[in-house]
Each structure stands twice: as structure tokens, then as C-alpha cells.
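K.L.:
So that you have it, the file is target10.cif, and it contains mmCIF, C-alpha atoms:
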```cif
data_protein
loop_
_atom_site.group_PDB
_atom_site.id
_atom_site.type_symbol
_atom_site.label_atom_id
_atom_site.label_comp_id
_atom_site.auth_asym_id
_atom_site.auth_seq_id
_atom_site.Cartn_x
_atom_site.Cartn_y
_atom_site.Cartn_z
ATOM 1 C CA MET H 187 8.310 5.608 -18.759
ATOM 2 C CA SER H 188 8.328 9.139 -20.137
ATOM 3 C CA GLY H 189 6.402 10.783 -22.922
ATOM 4 C CA GLY H 190 3.119 10.907 -20.995
ATOM 5 C CA TRP H 191 2.107 7.314 -21.703
ATOM 6 C CA ILE H 192 2.283 6.478 -18.015
ATOM 7 C CA ALA H 193 2.905 8.492 -14.877
ATOM 8 C CA LYS H 194 6.424 8.701 -13.475
ATOM 9 C CA ALA H 195 6.313 6.512 -10.380
ATOM 10 C CA VAL H 196 8.277 7.336 -7.258
ATOM 11 C CA CYS H 197 8.551 4.183 -5.130
ATOM 12 C CA THR H 198 9.427 4.514 -1.453
ATOM 13 C CA GLU H 199 9.830 1.782 1.116
ATOM 14 C CA ILE H 200 9.291 2.988 4.659
ATOM 15 C CA ARG H 201 10.952 0.771 7.264
ATOM 16 C CA LEU H 202 9.881 1.035 10.870
ATOM 17 C CA LYS H 203 10.557 -0.820 14.071
ATOM 18 C CA MET H 204 7.998 -3.047 15.717
ATOM 19 C CA PRO H 205 6.843 -2.077 19.202
ATOM 20 C CA ARG H 206 8.922 -3.868 21.855
ATOM 21 C CA GLU H 207 6.168 -6.309 22.904
ATOM 22 C CA LEU H 208 5.430 -7.200 19.288
ATOM 23 C CA ALA H 209 9.140 -7.660 18.538
ATOM 24 C CA ILE H 210 9.404 -10.141 21.431
ATOM 25 C CA GLU H 211 6.301 -12.021 20.270
ATOM 26 C CA HIS H 212 7.675 -11.968 16.711
ATOM 27 C CA ALA H 213 11.015 -13.435 17.845
ATOM 28 C CA HIS H 214 9.294 -16.403 19.526
ATOM 29 C CA ALA H 215 6.601 -17.109 16.908
ATOM 30 C CA HIS H 216 6.715 -19.786 14.210
ATOM 31 C CA ALA H 217 7.608 -18.676 10.669
ATOM 32 C CA ARG H 218 4.110 -18.056 9.303
ATOM 33 C CA ALA H 219 3.006 -16.166 12.411
ATOM 34 C CA ARG H 220 6.122 -13.976 12.178
ATOM 35 C CA ILE H 221 5.139 -12.872 8.702
ATOM 36 C CA ARG H 222 1.668 -11.850 9.812
ATOM 37 C CA LEU H 223 2.843 -10.145 13.008
ATOM 38 C CA ALA H 224 5.304 -8.006 11.039
ATOM 39 C CA ALA H 225 2.705 -7.238 8.355
ATOM 40 C CA GLU H 226 0.096 -6.136 10.890
ATOM 41 C CA ASN H 227 2.515 -3.997 12.924
ATOM 42 C CA PRO H 228 0.201 -1.418 14.581
ATOM 43 C CA ASP H 229 2.863 1.289 14.193
ATOM 44 C CA LYS H 230 2.095 1.285 10.468
ATOM 45 C CA LEU H 231 -1.163 3.164 11.098
ATOM 46 C CA PRO H 232 0.478 6.489 12.106
ATOM 47 C CA VAL H 233 2.683 6.239 9.000
ATOM 48 C CA VAL H 234 -0.394 5.673 6.822
ATOM 49 C CA ARG H 235 -2.053 8.699 8.455
ATOM 50 C CA SER H 236 0.976 10.885 7.728
ATOM 51 C CA LEU H 237 1.097 9.758 4.084
ATOM 52 C CA VAL H 238 -2.626 10.406 3.618
ATOM 53 C CA GLU H 239 -2.109 13.875 5.086
ATOM 54 C CA ARG H 240 0.963 14.489 2.870
ATOM 55 C CA HIS H 241 -1.085 13.633 -0.216
ATOM 56 C CA ARG H 242 -4.345 15.333 0.835
ATOM 57 C CA GLY H 243 -6.434 16.122 -2.232
ATOM 58 C CA GLU H 244 -5.037 13.228 -4.277
ATOM 59 C CA ARG H 245 -6.772 9.890 -4.849
ATOM 60 C CA ILE H 246 -5.201 7.352 -2.492
ATOM 61 C CA LEU H 247 -5.482 3.561 -2.331
ATOM 62 C CA ILE H 248 -4.378 1.860 0.886
ATOM 63 C CA MET H 249 -3.692 -1.772 -0.029
ATOM 64 C CA GLY H 250 -3.252 -4.781 2.213
ATOM 65 C CA MET H 251 -3.233 -8.538 2.211
ATOM 66 C CA TYR H 252 -4.960 -9.074 5.563
ATOM 67 C CA VAL H 253 -8.659 -8.212 5.605
ATOM 68 C CA GLY H 254 -8.660 -7.393 9.332
ATOM 69 C CA GLN H 255 -5.856 -4.887 8.795
ATOM 70 C CA VAL H 256 -7.612 -3.319 5.791
ATOM 71 C CA ARG H 257 -10.839 -2.973 7.809
ATOM 72 C CA MET H 258 -9.043 -1.545 10.858
ATOM 73 C CA ILE H 259 -7.352 1.105 8.711
ATOM 74 C CA GLY H 260 -10.691 1.952 7.101
ATOM 75 C CA ARG H 261 -12.310 2.404 10.523
ATOM 76 C CA GLU H 262 -9.421 4.421 11.954
ATOM 77 C CA LEU H 263 -9.248 6.752 8.946
ATOM 78 C CA ASP H 264 -13.010 6.753 8.366
ATOM 79 C CA VAL H 265 -12.647 5.709 4.719
ATOM 80 C CA PRO H 266 -14.534 3.103 2.676
ATOM 81 C CA VAL H 267 -13.245 -0.480 2.688
ATOM 82 C CA ILE H 268 -13.443 -2.977 -0.154
ATOM 83 C CA THR H 269 -12.688 -6.673 0.373
ATOM 84 C CA GLY H 270 -13.678 -9.862 -1.391
ATOM 85 C CA ARG H 271 -16.820 -9.933 0.764
ATOM 86 C CA THR H 272 -18.001 -6.507 -0.367
ATOM 87 C CA PRO H 273 -21.094 -7.094 -2.541
ATOM 88 C CA GLN H 274 -20.430 -6.439 -6.230
ATOM 89 C CA LEU H 275 -22.963 -3.598 -6.506
ATOM 90 C CA GLU H 276 -21.450 -1.804 -3.515
ATOM 91 C CA ARG H 277 -17.947 -2.337 -4.924
ATOM 92 C CA GLU H 278 -18.972 -0.816 -8.233
ATOM 93 C CA ARG H 279 -20.634 2.126 -6.451
ATOM 94 C CA LEU H 280 -17.528 2.807 -4.317
ATOM 95 C CA PHE H 281 -15.163 2.504 -7.280
ATOM 96 C CA GLU H 282 -17.369 4.909 -9.262
ATOM 97 C CA GLU H 283 -17.385 7.409 -6.375
ATOM 98 C CA PHE H 284 -13.582 7.127 -6.217
ATOM 99 C CA ARG H 285 -13.310 7.722 -9.978
ATOM 100 C CA SER H 286 -15.596 10.774 -9.731
ATOM 101 C CA GLY H 287 -13.657 12.229 -6.804
ATOM 102 C CA ALA H 288 -16.506 11.927 -4.281
ATOM 103 C CA ILE H 289 -14.228 9.514 -2.382
ATOM 104 C CA GLN H 290 -10.536 10.452 -2.136
ATOM 105 C CA VAL H 291 -9.178 7.559 -0.043
ATOM 106 C CA MET H 292 -10.088 3.851 0.062
ATOM 107 C CA SER H 293 -8.707 0.887 1.994
ATOM 108 C CA VAL H 294 -8.699 -2.218 -0.208
ATOM 109 C CA SER H 295 -7.717 -5.864 0.058
ATOM 110 C CA LYS H 296 -6.199 -8.032 -2.659
ATOM 111 C CA VAL H 297 -9.481 -7.761 -4.575
ATOM 112 C CA ALA H 298 -8.203 -4.444 -5.983
ATOM 113 C CA ASN H 299 -5.156 -6.167 -7.490
ATOM 114 C CA PHE H 300 -7.239 -7.473 -10.375
ATOM 115 C CA SER H 301 -9.268 -5.835 -13.138
ATOM 116 C CA VAL H 302 -10.034 -2.571 -11.394
ATOM 117 C CA ASP H 303 -10.038 0.575 -13.496
ATOM 118 C CA LEU H 304 -9.153 3.511 -11.232
ATOM 119 C CA PRO H 305 -7.446 5.923 -13.622
ATOM 120 C CA ASP H 306 -7.269 8.851 -11.208
ATOM 121 C CA ALA H 307 -5.499 7.042 -8.354
ATOM 122 C CA SER H 308 -2.109 8.666 -7.922
ATOM 123 C CA VAL H 309 -0.984 7.302 -4.543
ATOM 124 C CA ALA H 310 -0.789 3.690 -3.371
ATOM 125 C CA ILE H 311 0.140 2.819 0.201
ATOM 126 C CA GLN H 312 0.940 -0.874 0.600
ATOM 127 C CA VAL H 313 0.646 -2.004 4.229
ATOM 128 C CA SER H 314 1.035 -5.736 3.594
ATOM 129 C CA GLY H 315 1.649 -7.944 0.591
ATOM 130 C CA THR H 316 2.031 -11.495 -0.626
ATOM 131 C CA PHE H 317 5.537 -12.623 0.303
ATOM 132 C CA GLY H 318 7.476 -10.470 -2.161
ATOM 133 C CA SER H 319 5.290 -11.367 -5.153
ATOM 134 C CA ARG H 320 6.499 -9.583 -8.286
ATOM 135 C CA GLN H 321 3.121 -10.095 -9.933
ATOM 136 C CA GLU H 322 1.300 -8.453 -7.034
ATOM 137 C CA GLU H 323 3.773 -5.560 -7.010
ATOM 138 C CA ALA H 324 3.204 -4.985 -10.741
ATOM 139 C CA GLN H 325 -0.584 -5.132 -10.281
ATOM 140 C CA ARG H 326 -0.595 -2.728 -7.348
ATOM 141 C CA LEU H 327 1.778 -0.280 -8.999
ATOM 142 C CA GLY H 328 -0.333 -0.517 -12.148
ATOM 143 C CA ARG H 329 -3.300 0.972 -10.252
ATOM 144 C CA ILE H 330 -1.550 4.375 -10.184
ATOM 145 C CA LEU H 331 0.382 4.523 -13.487
ATOM 146 C CA ARG H 332 -2.216 6.165 -15.712
ATOM 147 C CA PRO H 333 -1.056 9.571 -17.047
ATOM 148 C CA LYS H 334 -1.758 12.407 -14.602
ATOM 149 C CA PRO H 335 -2.329 16.096 -15.253
ATOM 150 C CA GLY H 336 0.491 18.440 -14.272
ATOM 151 C CA ALA H 337 3.725 16.801 -13.136
ATOM 152 C CA ASN H 338 2.442 13.346 -14.205
ATOM 153 C CA ARG H 339 3.718 11.697 -10.999
ATOM 154 C CA ALA H 340 2.473 8.731 -9.009
ATOM 155 C CA TYR H 341 3.633 7.682 -5.546
ATOM 156 C CA PHE H 342 3.926 4.082 -4.383
ATOM 157 C CA TYR H 343 4.724 3.481 -0.714
ATOM 158 C CA SER H 344 5.459 0.150 0.931
ATOM 159 C CA ILE H 345 5.435 0.181 4.734
ATOM 160 C CA VAL H 346 7.630 -2.591 6.117
ATOM 161 C CA SER H 347 8.562 -3.794 9.614
ATOM 162 C CA ARG H 348 12.325 -3.733 10.062
ATOM 163 C CA ASP H 349 14.329 -6.844 10.964
ATOM 164 C CA SER H 350 11.593 -9.216 9.801
ATOM 165 C CA ARG H 351 10.758 -11.610 6.969
ATOM 166 C CA GLU H 352 8.585 -8.816 5.638
ATOM 167 C CA GLN H 353 11.759 -6.800 5.046
ATOM 168 C CA GLU H 354 13.290 -9.768 3.206
ATOM 169 C CA PHE H 355 10.207 -9.993 0.983
ATOM 170 C CA ALA H 356 10.380 -6.235 0.385
ATOM 171 C CA LEU H 357 13.896 -6.701 -0.997
ATOM 172 C CA LYS H 358 12.498 -8.981 -3.723
ATOM 173 C CA ARG H 359 9.905 -6.355 -4.611
ATOM 174 C CA GLN H 360 12.565 -3.627 -4.571
ATOM 175 C CA LEU H 361 14.773 -5.586 -6.983
ATOM 176 C CA TYR H 362 11.833 -6.113 -9.320
ATOM 177 C CA LEU H 363 10.901 -2.425 -9.371
ATOM 178 C CA CYS H 364 14.522 -1.353 -9.904
ATOM 179 C CA GLU H 365 14.860 -3.881 -12.761
ATOM 180 C CA GLN H 366 11.815 -2.233 -14.333
ATOM 181 C CA GLY H 367 13.517 1.167 -14.124
ATOM 182 C CA TYR H 368 11.480 2.735 -11.330
ATOM 183 C CA GLU H 369 12.972 5.229 -8.876
ATOM 184 C CA TYR H 370 13.163 3.497 -5.474
ATOM 185 C CA GLY H 371 14.097 5.009 -2.127
ATOM 186 C CA ILE H 372 14.131 3.782 1.463
ATOM 187 C CA GLU H 373 13.128 5.838 4.502
ATOM 188 C CA TYR H 374 13.703 4.763 8.084
ATOM 189 C CA ARG H 375 11.215 5.671 10.776
ATOM 190 C CA ASP H 376 12.609 4.932 14.222
ATOM 191 C CA GLU H 377 9.712 6.459 16.082
ATOM 192 C CA THR H 378 5.990 6.606 15.520
ATOM 193 C CA VAL H 379 5.126 9.562 13.278
#
```
For this file, write the structure as C-alpha cells.
P.N.:
Amino acid sequence: MSGGWIAKAVCTEIRLKMPRELAIEHAHAHARARIRLAAENPDKLPVVRSLVERHRGERILIMGMYVGQVRMIGRELDVPVITGRTPQLERERLFEEFRSGAIQVMSVSKVANFSVDLPDASVAIQVSGTFGSRQEEAQRLGRILRPKPGANRAYFYSIVSRDSREQEFALKRQLYLCEQGYEYGIEYRDETV
């Protein structure tokens, strides 16, 4: 991972509590609903905002599995959104504007996991994923691994609801990234940022 062939990736999982009402709903929901409730934890938005601010001036992809969540983040941050329903011409235009630097931040669904060439992306913020999928993790991380000028660093964040199935799935992704030799850290956020 050195020698300039790919950027050095710093992977950070950010674990945060669910709001009390959501935690109660989560505890009483059936298994599939629990996964979605944890993934769409509204307290993830302030964390995303703080990460976007921390990396101001860099090209940032906010990635999620749930289209409603991806759209909500796009609206709240006033950034373009790309989903499977985005017309191909508009997708190409937005990706080109991102590559040129006219757009610095985009909120994208799973559509960005595949065959998207965004060489200047240096930050990925994952707000929800596919049940600990190693393939998805590799695809998402791959969006930011192109060599970068300067320190040649890329940052991959995964925001996870604590004490949930989402955290269990994150463990699978963590093991995969560590097996691949990536630096991996965990931060705990007990309060909204």
C-alpha cells in the first residue's frame, strides 16, 4: 500500500448511541426493521456534518444503502444526490463536475459502488451498508484509493449505531479491512456532535 500506487487509507468507525425513542423502537422491532432503524439513526447526520467540515476542501462521497437516507442527507447538506433513479445523463454530468472540482461533496446510493471513476475523491463517509458485505466495503474503499498529491492519504469513515446489528455487521467489515492491512480505528460519540 505504499510507493504511491494507491493512497494510504485511514479507516475509522464512528459508533454512536441511538436516541432514546429510537432505541426503544429498535428493541421491540423485528430483525429486519432493527437493521434499518439502526442504519437510519438520525444522529448520524450531525456526525456527517462534522466530518464534511473537518475535510472541507477535499472531495467527499457520502455513501448509503437506503435511498431515503441518501436523499435526506443531500437535502440537509445541500449537496447533489445520485441514486439508481438519477437519469444517466445527469449522473454523468454530476460525476464530471465532481471530477473537475465544481462539486466537492456528493451523497450517493449503492449505484456508486460499481464502475464509477472518481479519481479525486479522498474521503468516503459510509452511513449505511449491506449487512457487513466485504465486497461492498472493498468497492466503497476503492472509490478513494487513487494516488493523491501531497501526503497521499484517503479517509474512510463508517458511522454505526452502537448496540445494534449494524455494529455486528461493522465488525465483519473491520476484520476484512484489517486483514487487507488497512489502519482501522474506532471512535465513540456519546453525544450528538
K.L.:
Measure the distance from atom CA of Val265 of chain H to atom CA of Ile289 of chain H in Å and round it to one decimal.
P.N.:
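Atom CA of Ile289 of chain H lies 8.2 Å from atom CA of Val265 of chain H.
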K.L.:
Which is closer to Val238 of chain H than all the others in H:Phe355, H:Gln274, H:Asp264, H:Asp376, using all atoms listed in the file?
P.N.:
H:Asp264
K.L.:
Just want the 8 Å neighbourhood of segment 336-352 of chain H, counted on all atoms listed in the file, with same-chain residues fewer than 4 positions away dropped. Output as an mmCIF file with C-alpha atoms, in the coordinates of the input.
P.N.:
```cif
data_model
loop_
_atom_site.group_PDB
_atom_site.id
_atom_site.type_symbol
_atom_site.label_atom_id
_atom_site.label_comp_id
_atom_site.auth_asym_id
_atom_site.auth_seq_id
_atom_site.Cartn_x
_atom_site.Cartn_y
_atom_site.Cartn_z
ATOM 1 C CA GLY H 190 3.119 10.907 -20.995
ATOM 2 C CA ILE H 192 2.283 6.478 -18.015
ATOM 3 C CA ALA H 193 2.905 8.492 -14.877
ATOM 4 C CA LYS H 194 6.424 8.701 -13.475
ATOM 5 C CA ALA H 195 6.313 6.512 -10.380
ATOM 6 C CA VAL H 196 8.277 7.336 -7.258
ATOM 7 C CA CYS H 197 8.551 4.183 -5.130
ATOM 8 C CA THR H 198 9.427 4.514 -1.453
ATOM 9 C CA GLU H 199 9.830 1.782 1.116
ATOM 10 C CA ILE H 200 9.291 2.988 4.659
ATOM 11 C CA ARG H 201 10.952 0.771 7.264
ATOM 12 C CA LEU H 202 9.881 1.035 10.870
ATOM 13 C CA LYS H 203 10.557 -0.820 14.071
ATOM 14 C CA MET H 204 7.998 -3.047 15.717
ATOM 15 C CA ARG H 220 6.122 -13.976 12.178
ATOM 16 C CA ILE H 221 5.139 -12.872 8.702
ATOM 17 C CA ALA H 224 5.304 -8.006 11.039
ATOM 18 C CA ALA H 225 2.705 -7.238 8.355
ATOM 19 C CA ASN H 227 2.515 -3.997 12.924
ATOM 20 C CA LYS H 230 2.095 1.285 10.468
ATOM 21 C CA VAL H 233 2.683 6.239 9.000
ATOM 22 C CA SER H 308 -2.109 8.666 -7.922
ATOM 23 C CA VAL H 309 -0.984 7.302 -4.543
ATOM 24 C CA ALA H 310 -0.789 3.690 -3.371
ATOM 25 C CA ILE H 311 0.140 2.819 0.201
ATOM 26 C CA GLN H 312 0.940 -0.874 0.600
ATOM 27 C CA VAL H 313 0.646 -2.004 4.229
ATOM 28 C CA SER H 314 1.035 -5.736 3.594
ATOM 29 C CA PHE H 317 5.537 -12.623 0.303
ATOM 30 C CA LEU H 327 1.778 -0.280 -8.999
ATOM 31 C CA ILE H 330 -1.550 4.375 -10.184
ATOM 32 C CA LEU H 331 0.382 4.523 -13.487
ATOM 33 C CA ALA H 356 10.380 -6.235 0.385
#
```
K.L.:
Enter the distance from atom CA of Gln325 of chain H to atom CA of Leu231 of chain H, in Å, rounded to one decimal.
P.N.:
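Pair atom CA of Gln325 of chain H / atom CA of Leu231 of chain H returns 22.9 Å.
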K.L.:
Rounded to one decimal, what separation in Å do you get between atom CA of Arg261 of chain H and atom CA of Gln290 of chain H?
P.N.:
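Atom CA of Gln290 of chain H lies at a distance of 15.1 Å from atom CA of Arg261 of chain H.
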K.L.:
Might you spell out which residues the PyMOL selection byres ((chain H and resi 250) around 7) would select in the displayed file, as a PyMOL selection string?
P.N.:
chain H and resi 248-249+251-252+256+294-296+312-315
